[in-house]
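Coordinates as given in start.pdb (PDB, C-alpha atoms and all ligand atoms):
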ATOM      1  CA  PRO A  27      43.271 -27.786  54.159  1.00  0.00           C
ATOM      2  CA  ASP A  28      41.240 -26.348  57.013  1.00  0.00           C
ATOM      3  CA  LEU A  29      39.427 -23.015  56.906  1.00  0.00           C
ATOM      4  CA  PRO A  30      42.370 -20.883  58.116  1.00  0.00           C
ATOM      5  CA  ALA A  31      44.519 -22.449  55.377  1.00  0.00           C
ATOM      6  CA  LEU A  32      41.806 -21.779  52.816  1.00  0.00           C
ATOM      7  CA  ASP A  33      41.513 -18.172  53.993  1.00  0.00           C
ATOM      8  CA  ALA A  34      45.255 -17.716  53.598  1.00  0.00           C
ATOM      9  CA  ALA A  35      45.219 -19.312  50.156  1.00  0.00           C
ATOM     10  CA  VAL A  36      42.363 -17.215  48.774  1.00  0.00           C
ATOM     11  CA  SER A  37      44.054 -14.033  49.989  1.00  0.00           C
ATOM     12  CA  GLY A  38      46.835 -14.650  47.491  1.00  0.00           C
ATOM     13  CA  CYS A  39      44.651 -15.375  44.440  1.00  0.00           C
ATOM     14  CA  ARG A  40      45.391 -13.369  41.287  1.00  0.00           C
ATOM     15  CA  ALA A  41      43.256 -15.303  38.787  1.00  0.00           C
ATOM     16  CA  CYS A  42      41.151 -12.371  37.479  1.00  0.00           C
ATOM     17  CA  PRO A  43      43.315  -9.727  35.780  1.00  0.00           C
ATOM     18  CA  ARG A  44      40.601  -7.030  35.725  1.00  0.00           C
ATOM     19  CA  LEU A  45      39.808  -7.442  39.426  1.00  0.00           C
ATOM     20  CA  VAL A  46      43.456  -7.663  40.485  1.00  0.00           C
ATOM     21  CA  ALA A  47      44.112  -4.377  38.667  1.00  0.00           C
ATOM     22  CA  TRP A  48      41.047  -2.695  40.180  1.00  0.00           C
ATOM     23  CA  ARG A  49      41.555  -3.820  43.782  1.00  0.00           C
ATOM     24  CA  GLU A  50      45.188  -2.684  43.661  1.00  0.00           C
ATOM     25  CA  GLU A  51      44.406   0.618  41.952  1.00  0.00           C
ATOM     26  CA  VAL A  52      41.789   1.434  44.598  1.00  0.00           C
ATOM     27  CA  ALA A  53      44.255   0.453  47.325  1.00  0.00           C
ATOM     28  CA  ALA A  54      46.905   2.739  45.859  1.00  0.00           C
ATOM     29  CA  THR A  55      44.720   5.774  45.146  1.00  0.00           C
ATOM     30  CA  LYS A  56      42.449   5.478  48.252  1.00  0.00           C
ATOM     31  CA  ARG A  57      39.465   7.574  49.251  1.00  0.00           C
ATOM     32  CA  ALA A  58      40.489  10.907  50.800  1.00  0.00           C
ATOM     33  CA  ALA A  59      38.960  10.032  54.175  1.00  0.00           C
ATOM     34  CA  TYR A  60      41.190   6.967  54.413  1.00  0.00           C
ATOM     35  CA  ARG A  61      44.404   8.299  52.903  1.00  0.00           C
ATOM     36  CA  ASP A  62      46.399   7.577  56.087  1.00  0.00           C
ATOM     37  CA  GLN A  63      45.353   3.911  56.073  1.00  0.00           C
ATOM     38  CA  THR A  64      46.961   0.947  54.373  1.00  0.00           C
ATOM     39  CA  TYR A  65      44.337  -0.751  52.213  1.00  0.00           C
ATOM     40  CA  TRP A  66      44.110  -4.541  52.182  1.00  0.00           C
ATOM     41  CA  GLY A  67      43.823  -4.553  48.370  1.00  0.00           C
ATOM     42  CA  ARG A  68      43.583  -8.357  48.080  1.00  0.00           C
ATOM     43  CA  PRO A  69      40.890 -11.051  48.000  1.00  0.00           C
ATOM     44  CA  VAL A  70      38.840 -11.040  51.192  1.00  0.00           C
ATOM     45  CA  PRO A  71      38.478 -14.375  53.017  1.00  0.00           C
ATOM     46  CA  GLY A  72      35.370 -15.504  54.878  1.00  0.00           C
ATOM     47  CA  PHE A  73      34.919 -14.204  58.424  1.00  0.00           C
ATOM     48  CA  GLY A  74      33.482 -15.851  61.510  1.00  0.00           C
ATOM     49  CA  ALA A  75      33.114 -19.226  63.154  1.00  0.00           C
ATOM     50  CA  THR A  76      34.986 -22.174  61.654  1.00  0.00           C
ATOM     51  CA  ASP A  77      32.169 -24.450  62.890  1.00  0.00           C
ATOM     52  CA  ALA A  78      29.361 -22.190  61.704  1.00  0.00           C
ATOM     53  CA  ARG A  79      25.779 -23.460  61.582  1.00  0.00           C
ATOM     54  CA  LEU A  80      24.717 -20.401  59.601  1.00  0.00           C
ATOM     55  CA  ALA A  81      26.458 -18.767  56.637  1.00  0.00           C
ATOM     56  CA  VAL A  82      25.657 -15.349  55.192  1.00  0.00           C
ATOM     57  CA  VAL A  83      26.565 -15.042  51.504  1.00  0.00           C
ATOM     58  CA  GLY A  84      26.853 -11.580  49.976  1.00  0.00           C
ATOM     59  CA  LEU A  85      28.115 -10.406  46.584  1.00  0.00           C
ATOM     60  CA  ALA A  86      31.706  -9.096  46.629  1.00  0.00           C
ATOM     61  CA  PRO A  87      33.888  -6.777  48.740  1.00  0.00           C
ATOM     62  CA  ALA A  88      33.258  -3.032  48.514  1.00  0.00           C
ATOM     63  CA  ALA A  89      36.150  -0.985  47.154  1.00  0.00           C
ATOM     64  CA  HIS A  90      36.566   1.161  50.281  1.00  0.00           C
ATOM     65  CA  GLY A  91      34.956  -1.298  52.713  1.00  0.00           C
ATOM     66  CA  ALA A  92      36.290  -4.855  52.836  1.00  0.00           C
ATOM     67  CA  ASN A  93      38.895  -4.084  50.151  1.00  0.00           C
ATOM     68  CA  ARG A  94      40.255  -1.522  52.629  1.00  0.00           C
ATOM     69  CA  THR A  95      39.880  -3.414  55.920  1.00  0.00           C
ATOM     70  CA  GLY A  96      40.382  -7.004  54.744  1.00  0.00           C
ATOM     71  CA  ARG A  97      37.271  -8.305  56.524  1.00  0.00           C
ATOM     72  CA  MET A  98      33.848  -9.043  55.038  1.00  0.00           C
ATOM     73  CA  PHE A  99      31.388  -6.110  55.196  1.00  0.00           C
ATOM     74  CA  THR A 100      33.727  -4.204  57.499  1.00  0.00           C
ATOM     75  CA  GLY A 101      34.110  -0.455  57.194  1.00  0.00           C
ATOM     76  CA  ASP A 102      31.191   0.602  55.010  1.00  0.00           C
ATOM     77  CA  ARG A 103      27.494   1.457  55.269  1.00  0.00           C
ATOM     78  CA  SER A 104      26.340  -1.963  54.073  1.00  0.00           C
ATOM     79  CA  GLY A 105      28.296  -3.576  56.882  1.00  0.00           C
ATOM     80  CA  ASP A 106      26.941  -1.098  59.431  1.00  0.00           C
ATOM     81  CA  VAL A 107      23.432  -2.293  58.579  1.00  0.00           C
ATOM     82  CA  LEU A 108      24.353  -5.978  58.501  1.00  0.00           C
ATOM     83  CA  TYR A 109      26.318  -6.116  61.755  1.00  0.00           C
ATOM     84  CA  ALA A 110      23.737  -4.044  63.630  1.00  0.00           C
ATOM     85  CA  ALA A 111      21.117  -6.619  62.614  1.00  0.00           C
ATOM     86  CA  LEU A 112      23.359  -9.603  63.420  1.00  0.00           C
ATOM     87  CA  HIS A 113      23.941  -8.116  66.871  1.00  0.00           C
ATOM     88  CA  ALA A 114      20.236  -7.424  67.345  1.00  0.00           C
ATOM     89  CA  VAL A 115      19.385 -11.103  66.798  1.00  0.00           C
ATOM     90  CA  GLY A 116      22.262 -12.402  68.936  1.00  0.00           C
ATOM     91  CA  LEU A 117      24.659 -13.541  66.212  1.00  0.00           C
ATOM     92  CA  ALA A 118      27.376 -10.885  66.717  1.00  0.00           C
ATOM     93  CA  SER A 119      29.164  -9.645  69.818  1.00  0.00           C
ATOM     94  CA  GLN A 120      28.786  -5.969  68.909  1.00  0.00           C
ATOM     95  CA  PRO A 121      26.749  -3.882  66.455  1.00  0.00           C
ATOM     96  CA  THR A 122      29.701  -2.215  64.757  1.00  0.00           C
ATOM     97  CA  ALA A 123      32.492  -3.415  62.466  1.00  0.00           C
ATOM     98  CA  VAL A 124      35.354  -1.001  62.027  1.00  0.00           C
ATOM     99  CA  ALA A 125      38.518  -2.983  61.326  1.00  0.00           C
ATOM    100  CA  ILE A 126      40.272  -6.252  62.093  1.00  0.00           C
ATOM    101  CA  GLY A 127      41.101  -6.148  65.814  1.00  0.00           C
ATOM    102  CA  ASP A 128      37.933  -4.279  66.824  1.00  0.00           C
ATOM    103  CA  GLY A 129      36.809  -7.194  69.013  1.00  0.00           C
ATOM    104  CA  LEU A 130      33.914  -8.289  66.784  1.00  0.00           C
ATOM    105  CA  GLU A 131      32.994 -11.972  67.075  1.00  0.00           C
ATOM    106  CA  LEU A 132      30.274 -13.905  65.293  1.00  0.00           C
ATOM    107  CA  TYR A 133      28.372 -16.660  67.090  1.00  0.00           C
ATOM    108  CA  GLY A 134      27.893 -19.829  65.047  1.00  0.00           C
ATOM    109  CA  THR A 135      27.943 -17.687  61.934  1.00  0.00           C
ATOM    110  CA  ARG A 136      30.298 -17.106  59.023  1.00  0.00           C
ATOM    111  CA  ILE A 137      30.075 -14.366  56.418  1.00  0.00           C
ATOM    112  CA  THR A 138      31.396 -14.979  52.946  1.00  0.00           C
ATOM    113  CA  ALA A 139      30.875 -14.050  49.297  1.00  0.00           C
ATOM    114  CA  PRO A 140      30.893 -15.698  45.865  1.00  0.00           C
ATOM    115  CA  VAL A 141      33.413 -13.134  44.534  1.00  0.00           C
ATOM    116  CA  ARG A 142      36.337 -12.216  46.800  1.00  0.00           C
ATOM    117  CA  CYS A 143      37.806  -9.196  45.027  1.00  0.00           C
ATOM    118  CA  ALA A 144      36.210  -5.767  44.816  1.00  0.00           C
ATOM    119  CA  PRO A 145      34.766  -5.293  41.309  1.00  0.00           C
ATOM    120  CA  PRO A 146      34.314  -1.971  39.502  1.00  0.00           C
ATOM    121  CA  GLU A 147      30.777  -0.670  40.165  1.00  0.00           C
ATOM    122  CA  ASN A 148      30.149  -3.750  42.337  1.00  0.00           C
ATOM    123  CA  LYS A 149      29.583  -5.746  39.140  1.00  0.00           C
ATOM    124  CA  PRO A 150      31.663  -8.872  38.589  1.00  0.00           C
ATOM    125  CA  THR A 151      31.433 -10.410  35.130  1.00  0.00           C
ATOM    126  CA  PRO A 152      29.967 -13.902  34.723  1.00  0.00           C
ATOM    127  CA  ALA A 153      33.482 -15.183  33.946  1.00  0.00           C
ATOM    128  CA  GLU A 154      34.833 -13.674  37.186  1.00  0.00           C
ATOM    129  CA  ARG A 155      31.948 -15.141  39.152  1.00  0.00           C
ATOM    130  CA  ASP A 156      32.595 -18.577  37.698  1.00  0.00           C
ATOM    131  CA  ARG A 157      36.355 -18.329  38.243  1.00  0.00           C
ATOM    132  CA  CYS A 158      35.858 -17.467  41.926  1.00  0.00           C
ATOM    133  CA  ARG A 159      33.219 -20.144  42.538  1.00  0.00           C
ATOM    134  CA  PRO A 160      35.650 -22.895  43.673  1.00  0.00           C
ATOM    135  CA  TRP A 161      36.734 -20.779  46.655  1.00  0.00           C
ATOM    136  CA  LEU A 162      33.170 -20.608  47.938  1.00  0.00           C
ATOM    137  CA  ALA A 163      32.603 -24.262  47.121  1.00  0.00           C
ATOM    138  CA  ARG A 164      35.624 -25.313  49.141  1.00  0.00           C
ATOM    139  CA  GLU A 165      34.664 -23.088  52.053  1.00  0.00           C
ATOM    140  CA  LEU A 166      31.157 -24.538  52.219  1.00  0.00           C
ATOM    141  CA  ALA A 167      32.573 -28.053  51.928  1.00  0.00           C
ATOM    142  CA  LEU A 168      34.754 -27.393  54.980  1.00  0.00           C
ATOM    143  CA  LEU A 169      31.744 -25.986  56.860  1.00  0.00           C
ATOM    144  CA  ARG A 170      29.445 -28.808  55.839  1.00  0.00           C
ATOM    145  CA  PRO A 171      29.697 -30.894  59.038  1.00  0.00           C
ATOM    146  CA  THR A 172      28.014 -28.080  60.987  1.00  0.00           C
ATOM    147  CA  LEU A 173      26.299 -25.967  58.323  1.00  0.00           C
ATOM    148  CA  ARG A 174      22.474 -25.999  58.464  1.00  0.00           C
ATOM    149  CA  VAL A 175      21.374 -22.632  57.097  1.00  0.00           C
ATOM    150  CA  VAL A 176      22.503 -20.137  54.453  1.00  0.00           C
ATOM    151  CA  VAL A 177      21.156 -16.593  54.162  1.00  0.00           C
ATOM    152  CA  VAL A 178      21.836 -15.140  50.710  1.00  0.00           C
ATOM    153  CA  LEU A 179      21.928 -11.359  50.367  1.00  0.00           C
ATOM    154  CA  GLY A 180      20.705 -10.503  46.880  1.00  0.00           C
ATOM    155  CA  GLY A 181      20.018 -12.211  43.584  1.00  0.00           C
ATOM    156  CA  PHE A 182      23.642 -12.284  42.424  1.00  0.00           C
ATOM    157  CA  GLY A 183      24.696 -14.368  45.425  1.00  0.00           C
ATOM    158  CA  TRP A 184      21.643 -16.605  44.986  1.00  0.00           C
ATOM    159  CA  GLN A 185      22.462 -17.327  41.336  1.00  0.00           C
ATOM    160  CA  ALA A 186      26.123 -17.899  42.165  1.00  0.00           C
ATOM    161  CA  LEU A 187      25.435 -20.143  45.140  1.00  0.00           C
ATOM    162  CA  LEU A 188      22.888 -22.627  43.777  1.00  0.00           C
ATOM    163  CA  PRO A 189      25.337 -24.354  41.390  1.00  0.00           C
ATOM    164  CA  VAL A 190      27.852 -24.579  44.248  1.00  0.00           C
ATOM    165  CA  LEU A 191      25.327 -26.337  46.467  1.00  0.00           C
ATOM    166  CA  ALA A 192      24.265 -28.708  43.701  1.00  0.00           C
ATOM    167  CA  THR A 193      27.797 -29.796  42.821  1.00  0.00           C
ATOM    168  CA  PRO A 194      29.705 -32.496  44.692  1.00  0.00           C
ATOM    169  CA  ASP A 195      32.906 -31.229  46.293  1.00  0.00           C
ATOM    170  CA  PRO A 196      35.757 -32.346  43.996  1.00  0.00           C
ATOM    171  CA  ALA A 197      37.951 -32.890  47.060  1.00  0.00           C
ATOM    172  CA  GLY A 198      35.401 -35.355  48.428  1.00  0.00           C
ATOM    173  CA  GLY A 199      34.069 -33.080  51.179  1.00  0.00           C
ATOM    174  CA  HIS A 200      30.413 -33.665  50.310  1.00  0.00           C
ATOM    175  CA  PRO A 201      28.117 -34.946  47.529  1.00  0.00           C
ATOM    176  CA  GLY A 202      26.094 -31.739  47.415  1.00  0.00           C
ATOM    177  CA  TRP A 203      22.476 -30.878  48.045  1.00  0.00           C
ATOM    178  CA  VAL A 204      19.502 -31.471  45.756  1.00  0.00           C
ATOM    179  CA  VAL A 205      18.552 -28.195  44.047  1.00  0.00           C
ATOM    180  CA  PRO A 206      15.077 -28.422  42.444  1.00  0.00           C
ATOM    181  CA  ARG A 207      14.587 -27.848  38.700  1.00  0.00           C
ATOM    182  CA  PRO A 208      13.645 -25.230  37.736  1.00  0.00           C
ATOM    183  CA  ARG A 209      15.903 -23.573  40.243  1.00  0.00           C
ATOM    184  CA  PRO A 210      14.037 -21.700  43.005  1.00  0.00           C
ATOM    185  CA  ALA A 211      13.810 -17.983  42.263  1.00  0.00           C
ATOM    186  CA  PHE A 212      15.399 -15.387  44.511  1.00  0.00           C
ATOM    187  CA  GLY A 213      13.154 -13.161  46.573  1.00  0.00           C
ATOM    188  CA  HIS A 214      13.125 -11.456  49.930  1.00  0.00           C
ATOM    189  CA  ALA A 215      12.243 -13.897  52.728  1.00  0.00           C
ATOM    190  CA  VAL A 216      12.086 -16.815  50.271  1.00  0.00           C
ATOM    191  CA  HIS A 217      12.831 -20.038  52.163  1.00  0.00           C
ATOM    192  CA  VAL A 218      13.774 -23.292  50.454  1.00  0.00           C
ATOM    193  CA  THR A 219      14.759 -26.568  52.081  1.00  0.00           C
ATOM    194  CA  LEU A 220      17.381 -28.509  50.108  1.00  0.00           C
ATOM    195  CA  ALA A 221      17.698 -32.198  50.853  1.00  0.00           C
ATOM    196  CA  ALA A 222      21.205 -33.572  51.092  1.00  0.00           C
ATOM    197  CA  ALA A 223      22.261 -35.704  48.146  1.00  0.00           C
ATOM    198  CA  ASP A 224      23.092 -38.337  50.771  1.00  0.00           C
ATOM    199  CA  PRO A 225      20.090 -37.925  53.087  1.00  0.00           C
ATOM    200  CA  GLY A 226      21.084 -40.836  55.277  1.00  0.00           C
ATOM    201  CA  ALA A 227      24.409 -39.225  56.083  1.00  0.00           C
ATOM    202  CA  ALA A 228      23.783 -35.510  56.127  1.00  0.00           C
ATOM    203  CA  ALA A 229      21.251 -32.901  57.195  1.00  0.00           C
ATOM    204  CA  PRO A 230      19.196 -30.800  54.766  1.00  0.00           C
ATOM    205  CA  LEU A 231      20.180 -27.193  54.159  1.00  0.00           C
ATOM    206  CA  GLU A 232      17.755 -24.336  54.822  1.00  0.00           C
ATOM    207  CA  LEU A 233      18.228 -21.555  52.300  1.00  0.00           C
ATOM    208  CA  PHE A 234      16.853 -18.038  52.895  1.00  0.00           C
ATOM    209  CA  GLY A 235      16.803 -15.106  50.479  1.00  0.00           C
ATOM    210  CA  CYS A 236      17.140 -11.525  51.698  1.00  0.00           C
ATOM    211  CA  TYR A 237      17.512  -8.265  49.805  1.00  0.00           C
ATOM    212  CA  HIS A 238      21.142  -7.141  49.772  1.00  0.00           C
ATOM    213  CA  VAL A 239      22.222  -4.610  52.404  1.00  0.00           C
ATOM    214  CA  SER A 240      23.472  -2.238  49.696  1.00  0.00           C
ATOM    215  CA  GLN A 241      22.794   1.456  50.101  1.00  0.00           C
ATOM    216  CA  GLN A 242      20.481   1.338  47.065  1.00  0.00           C
ATOM    217  CA  ASN A 243      18.212  -0.937  49.112  1.00  0.00           C
ATOM    218  CA  THR A 244      18.660   0.466  52.608  1.00  0.00           C
ATOM    219  CA  PHE A 245      18.489   4.175  51.698  1.00  0.00           C
ATOM    220  CA  THR A 246      15.314   3.652  49.691  1.00  0.00           C
ATOM    221  CA  GLY A 247      13.625   1.553  52.353  1.00  0.00           C
ATOM    222  CA  ARG A 248      13.391  -1.477  50.078  1.00  0.00           C
ATOM    223  CA  LEU A 249      15.224  -3.269  52.878  1.00  0.00           C
ATOM    224  CA  THR A 250      14.553  -1.985  56.393  1.00  0.00           C
ATOM    225  CA  PRO A 251      16.444  -3.065  59.533  1.00  0.00           C
ATOM    226  CA  ALA A 252      13.278  -4.832  60.713  1.00  0.00           C
ATOM    227  CA  MET A 253      13.028  -6.841  57.464  1.00  0.00           C
ATOM    228  CA  LEU A 254      16.676  -7.877  57.747  1.00  0.00           C
ATOM    229  CA  GLU A 255      16.352  -8.796  61.422  1.00  0.00           C
ATOM    230  CA  ASP A 256      13.241 -10.869  60.670  1.00  0.00           C
ATOM    231  CA  VAL A 257      15.086 -13.004  58.100  1.00  0.00           C
ATOM    232  CA  LEU A 258      18.177 -13.355  60.294  1.00  0.00           C
ATOM    233  CA  ALA A 259      16.130 -14.278  63.376  1.00  0.00           C
ATOM    234  CA  THR A 260      14.180 -16.903  61.424  1.00  0.00           C
ATOM    235  CA  ALA A 261      17.414 -18.268  59.983  1.00  0.00           C
ATOM    236  CA  ALA A 262      19.106 -18.324  63.389  1.00  0.00           C
ATOM    237  CA  ALA A 263      16.207 -20.280  64.856  1.00  0.00           C
ATOM    238  CA  ALA A 264      16.366 -22.749  61.955  1.00  0.00           C
ATOM    239  CA  ALA A 265      20.075 -23.176  62.652  1.00  0.00           C
ATOM    240  CA  GLY A 266      19.458 -23.780  66.349  1.00  0.00           C
ATOM    241  CA  LEU A 267      21.314 -20.597  67.301  1.00  0.00           C
TER     242      LEU A 267
HETATM  243 FE1  LIG A 301      40.784 -14.956  42.634  1.00  0.00          FE
HETATM  244 FE2  LIG A 301      38.181 -14.742  43.125  1.00  0.00          FE
HETATM  245 FE3  LIG A 301      39.706 -12.571  43.204  1.00  0.00          FE
HETATM  246 FE4  LIG A 301      39.191 -13.751  40.866  1.00  0.00          FE
HETATM  247  S1  LIG A 301      37.685 -12.735  42.232  1.00  0.00           S
HETATM  248  S2  LIG A 301      41.193 -12.998  41.593  1.00  0.00           S
HETATM  249  S3  LIG A 301      39.124 -15.927  41.453  1.00  0.00           S
HETATM  250  S4  LIG A 301      39.833 -14.359  44.569  1.00  0.00           S
END
Show this structure as structure tokens.
Ligand code: SF4
Amino acid sequence: PDLPALDAAVSGCRACPRLVAWREEVAATKRAAYRDQTYWGRPVPGFGATDARLAVVGLAPAAHGANRTGRMFTGDRSGDVLYAALHAVGLASQPTAVAIGDGLELYGTRITAPVRCAPPENKPTPAERDRCRPWLARELALLRPTLRVVVVLGGFGWQALLPVLATPDPAGGHPGWVVPRPRPAFGHAVHVTLAAADPGAAAPLELFGCYHVSQQNTFTGRLTPAMLEDVLATAAAAAGL
């Protein structure tokens, strides 16, 4: 399948009973400010270019953000911070993300997550993370011909992503990248170059860590807009964007 087919397929996944129940309960009860809206209430597919050179990997949809709008990081404070920074460094057509149909485009960039359903308290279990992993693996396999750089927002995404990168695509899309042992630790502005497992046939992957754009980080100043823009600008340059 191509990326649009994958996006359609993931949107129908019901593999995690706890997350299916939660995403649908949130969609039915709604936050008061959004009570006139129809919540998405399903897994959220990746968003952006189908020939992306740069991927941004987060954690999971927010209950009243992407779980409401159906698009990654759209409709909440985390997304406000992320899209403003993407726009500032030239990777997004506008600084705001309100809803599907708002005109937002990403340039050479795709935003995705290791867990596609909103989890209670933003905390997926290890079993849920592992169950969702094949969706991310397949998405990155489909992006592999163009993908050069991944920016990971937060330690959860970092831990979830490294095994995906190290594992050959079961559908034959790629043989994976070489992840050093011990695995590189997550940190803000950490940069690791991963050689392709088939270096004669594929480019290395540049991996960047960045603190997550959660309100816990942005309200406290642990992650400032300037810090986020610095990582994204460095990553964009590494991707040739
Ligand atoms: Fe499916 Fe992933 Fe959602 Fe679990 S978290 S139901 S595997 S899409």
Choose the residue, out of A:Phe73, A:Val46, A:Thr135, A:Val83, that has the smallest atom-to-atom separation from Leu188 in chain A; count all atoms listed in the file.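 Looking at the shortest contact to Leu188 in chain A, the residue is A:Val83.
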Step by step, measure atom-to-atom distances between ligand LIG 301 (chain A) and each residue using all atoms listed in the file, keep those at most 12 Å, then write them as a PyMOL selection string. chain A and resi 32-50+67-72+85-87+93+138-146+148-163
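Reported to one decimal place, the separation of CA of Gly180 in chain A from CA of Gly84 in chain A is 7.0 Å.
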Written as a PDB file with C-alpha atoms, in the coordinates of the input, what is the full residue list that the PyMOL selection byres (((chain A and resi 100-117) around 6) and not hetatm) yields on the file shown?
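As a result, out_26.pdb now contains:
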ATOM      1  CA  GLY A  91      34.956  -1.298  52.713  1.00  0.00           C
ATOM      2  CA  ALA A  92      36.290  -4.855  52.836  1.00  0.00           C
ATOM      3  CA  ARG A  97      37.271  -8.305  56.524  1.00  0.00           C
ATOM      4  CA  MET A  98      33.848  -9.043  55.038  1.00  0.00           C
ATOM      5  CA  PHE A  99      31.388  -6.110  55.196  1.00  0.00           C
ATOM      6  CA  ALA A 118      27.376 -10.885  66.717  1.00  0.00           C
ATOM      7  CA  GLN A 120      28.786  -5.969  68.909  1.00  0.00           C
ATOM      8  CA  PRO A 121      26.749  -3.882  66.455  1.00  0.00           C
ATOM      9  CA  THR A 122      29.701  -2.215  64.757  1.00  0.00           C
ATOM     10  CA  ALA A 123      32.492  -3.415  62.466  1.00  0.00           C
ATOM     11  CA  VAL A 124      35.354  -1.001  62.027  1.00  0.00           C
ATOM     12  CA  LEU A 132      30.274 -13.905  65.293  1.00  0.00           C
ATOM     13  CA  TYR A 133      28.372 -16.660  67.090  1.00  0.00           C
ATOM     14  CA  VAL A 239      22.222  -4.610  52.404  1.00  0.00           C
ATOM     15  CA  SER A 240      23.472  -2.238  49.696  1.00  0.00           C
ATOM     16  CA  GLU A 255      16.352  -8.796  61.422  1.00  0.00           C
ATOM     17  CA  ALA A 259      16.130 -14.278  63.376  1.00  0.00           C
TER      18      ALA A 259
END
How many Å separate CA of Glu131 in chain A from CA of Arg79 in chain A?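 So the two atoms, CA of Glu131 in chain A and CA of Arg79 in chain A, lie 14.6 Å apart.
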Quick one: everything within 10 Å of Pro206 in chain A, counting all atoms listed in the file, minus sequence neighbours fewer than 3 positions away in the same chain. Send it as a list in words. Leu188, Ala192, Trp203, Arg209, Pro210, Val218, Thr219, Leu220 and Ala221 of chain A
Export C-alpha atoms of the chosen residues as an mmCIF file, keeping the file's coordinate frame?
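The result, stored in out_16.cif:
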data_model
loop_
_atom_site.group_PDB
_atom_site.id
_atom_site.type_symbol
_atom_site.label_atom_id
_atom_site.label_comp_id
_atom_site.auth_asym_id
_atom_site.auth_seq_id
_atom_site.Cartn_x
_atom_site.Cartn_y
_atom_site.Cartn_z
ATOM 1 C CA LEU A 188 22.888 -22.627 43.777
ATOM 2 C CA ALA A 192 24.265 -28.708 43.701
ATOM 3 C CA TRP A 203 22.476 -30.878 48.045
ATOM 4 C CA ARG A 209 15.903 -23.573 40.243
ATOM 5 C CA PRO A 210 14.037 -21.700 43.005
ATOM 6 C CA VAL A 218 13.774 -23.292 50.454
ATOM 7 C CA THR A 219 14.759 -26.568 52.081
ATOM 8 C CA LEU A 220 17.381 -28.509 50.108
ATOM 9 C CA ALA A 221 17.698 -32.198 50.853
#
Please write the residues picked by the PyMOL selection byres (((chain A and resi 267) around 8) and not hetatm) on this file as JSON, numbers by chain. {"A": [79, 117, 134, 262, 263, 264, 265, 266]}
Quick one: apply the PyMOL selection byres (((chain A and resi 217) around 8) and not hetatm) to the file and drop the selected residues here as a list in words. Ala215, Val216, Val218, Thr219, Glu232, Leu233, Phe234 and Gly235 of chain A
Have a look at A:Ala59, A:Ile137, A:Leu80, A:Ala227 and name the one nearest to Val176 in chain A; count all atoms listed in the file. A:Leu80
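Around Ala167 in chain A, within 8 Å and counting all atoms listed in the file, the residues found are Asp195, Gly199 and His200 of chain A, once anything fewer than 6 positions away on its own chain is removed.
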Quick one: distance from CA of Ala223 in chain A to CA of Val190 in chain A in Å, one decimal?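 Here the two named atoms are 13.0 Å from each other.
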Around the point (17.9, -7.9, 48.1) (coordinates from the file), which residues reach within 9 Å if we count all atoms listed in the file? Answer as a ChimeraX atom specification. /A:178-181,212-214,235-240,243,248-249
(40.8, 5.9, 55.3) in this file's frame - what residues fall within 12 Å of it? Use only C-alpha atoms and give the answer as a PyMOL selection string. chain A and resi 52-66+89-95+101-102+124-125
Nearest-residue call for Ala88 in chain A, choices A:Glu147, A:Leu254, A:Thr260, A:Ile126, using all atoms listed in the file: A:Glu147
